[in-house]
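Have a look at the structure below before the remarks.
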Amino acid sequence: MEPNSFSCVICKKYTIVFNYGIVCCNSCKAFFRRSQTAKTFLTRCTKKNCSKCRYCRYQLCITAGMNWRTLSQCDNHLDTIIQNLIYLDSQRQERFFNFTTDWNLSLDELTLADSVNYEQKSIDFQHDHTHWSTVSHITAIDFMKRLDFVKKMPSADLNNLIKSNHMQIFFLCNAMRSYCANKGYVCYPGGIDYLPAALASLFTENPKILKRYNCSLIISSKLTVPSQNLVSQYQRMYSSTLLQYCLNTYQHYGPSRFTDLLSISHIINGTLESSSQIVLTLKYYQPKPQIKQLFIDILNSME
């Protein structure tokens with residue numbers, strides 16, 4: 001929807017401003033703020049279909065979804081959300097490193113289970129791929145189930161949500177752990193291979209495919225440090241310029257528009273990733289394709 005199609009949901013006047021959770025003009029914003037901070041209560045209206053008196057106007061604000069928060073309350077709310085996520089992730093990491101489980105449940109059973117039966121590792125516990133992979137998946141699912149909004153979902157929706165998204169959490173957790181351990185590739189603690197040996201054995205003739213898979217989740221750069229700093233400096237400059245343009249052009253919808261524009265890069269990266277998978281498949285079946293050198297170089301650059 002274009003900005004010029006918006007109107008205040010309270011008084012219907014033209015506006016592109018977003019206040020207190022809804023699209024409303026600055027006049028209605030000021031009215032709602034005064035109503036919230038006033039020390040006297042509004043007198044209840046007895047007229048039918050009235051929308052002009054202060055009481056009915058205030059009721060329209062509430063019905064439309066206006067939500068009063070001071071700036072400090074917003075900051076505290078944001079801080080609470082972040083701290084809660086940090087706490088949940090610290091619990092996930094503690095269980096990942098220090099506990100194990102002998103559960104052999106299906107994904108549906110694990111999703112619907114009230115709790116996970118974790119057991120403290122013994123001193124002589126033998127770590128292998130099966131152990132790390134099991135606890136990695138289980139702790140990722142357990143993390144999702146502990147999120148506030150997930151707790152409010154029906155069982156069927158919870159099951160579908162976890163089936164559709166738990167692998168993203170699984171990949172992210174393993175990638176971040178490997179990155180923080182200064183690894184250039186994804187692996188489990190102790191350098192244990194991220195992929196099972198049975199799968200790795202299928203690619204003995206072309207190990208580059210597995211190497212690329214293990215490294216794709218770790219963001220690395222082939223640039224020197226000065227060049228990395230230079231690129232980073234200009235990225236910030238261009239991002240700042242784009243954000244300022246969006247704020248000037250779309251006003252309160254500027255941040256949303258800025259996010260939409262940045263999402264284009266994700267689409268492009270996704271297309272590149274899909275193309276890279278096709279290239280890897282091609283090179284697996286045709287290691288030396290009979291094509292021009294230019295195309296060979298391009299294919300090699302996509303590994």
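Each chain of the structure tokens is named A, B, ... in the order shown, its residues numbered from 1; ligands are numbered from 1 in display order.
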
Margin query: I'd like the contact shell of His129 (chain A) - 7 Å cut-off, only C-alpha atoms, skipping same-chain residues fewer than 2 positions apart - returned as number ranges by chain.
Written below: A: 131-133, 192-193, 196

Next item on the list: Skip Met176 (chain A) itself and residues of its chain fewer than 2 positions away, then list as a VMD selection string all residues within 12 Å of it, counting only C-alpha atoms.
Entry: chain A and resid 89 93 169 to 174 178 to 188 217 to 219

Notebook entry, point to check: Hey, which of A:Cys246, A:Leu107, A:Ile141, A:Met66 ends up closest to Tyr20 (chain A)? Count only C-alpha atoms.
Noted result: A:Met66

Item checked: Distance query Trp68 (chain A) at most 9 Å, only C-alpha atoms, self and fewer than 3 positions along chain excluded, as a list in words -> Tyr20, Gly21, Phe32, Arg33 and Gln36 of chain A

Surrounding residues of Glu109 (chain A) excluding itself and chain neighbours under 3 positions, 12 Å, only C-alpha atoms, as an mmCIF file with C-alpha atoms, in the first residue's frame:
```cif
data_model
loop_
_atom_site.group_PDB
_atom_site.id
_atom_site.type_symbol
_atom_site.label_atom_id
_atom_site.label_comp_id
_atom_site.auth_asym_id
_atom_site.auth_seq_id
_atom_site.Cartn_x
_atom_site.Cartn_y
_atom_site.Cartn_z
ATOM 1 C CA TRP A 103 15.396 -40.308 24.405
ATOM 2 C CA ASN A 104 14.511 -41.852 21.075
ATOM 3 C CA LEU A 105 11.371 -39.909 20.258
ATOM 4 C CA SER A 106 9.850 -38.899 16.969
ATOM 5 C CA LEU A 112 4.437 -32.229 22.203
ATOM 6 C CA ALA A 113 6.398 -33.464 25.242
ATOM 7 C CA ASP A 114 5.942 -31.316 28.356
ATOM 8 C CA SER A 115 9.651 -31.474 29.212
ATOM 9 C CA VAL A 116 12.902 -33.080 28.099
ATOM 10 C CA ILE A 138 16.694 -31.390 21.017
ATOM 11 C CA ILE A 141 13.505 -27.478 19.724
ATOM 12 C CA SER A 155 -0.606 -28.078 19.760
ATOM 13 C CA LEU A 158 3.174 -25.629 17.620
ATOM 14 C CA ASN A 159 3.939 -28.859 15.800
ATOM 15 C CA ILE A 162 8.697 -26.409 14.898
ATOM 16 C CA LYS A 163 8.678 -28.700 11.875
#
```

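A straight line drawn from CA of Tyr14 (chain A) to CA of Asn26 (chain A) is 10.7 Å long.
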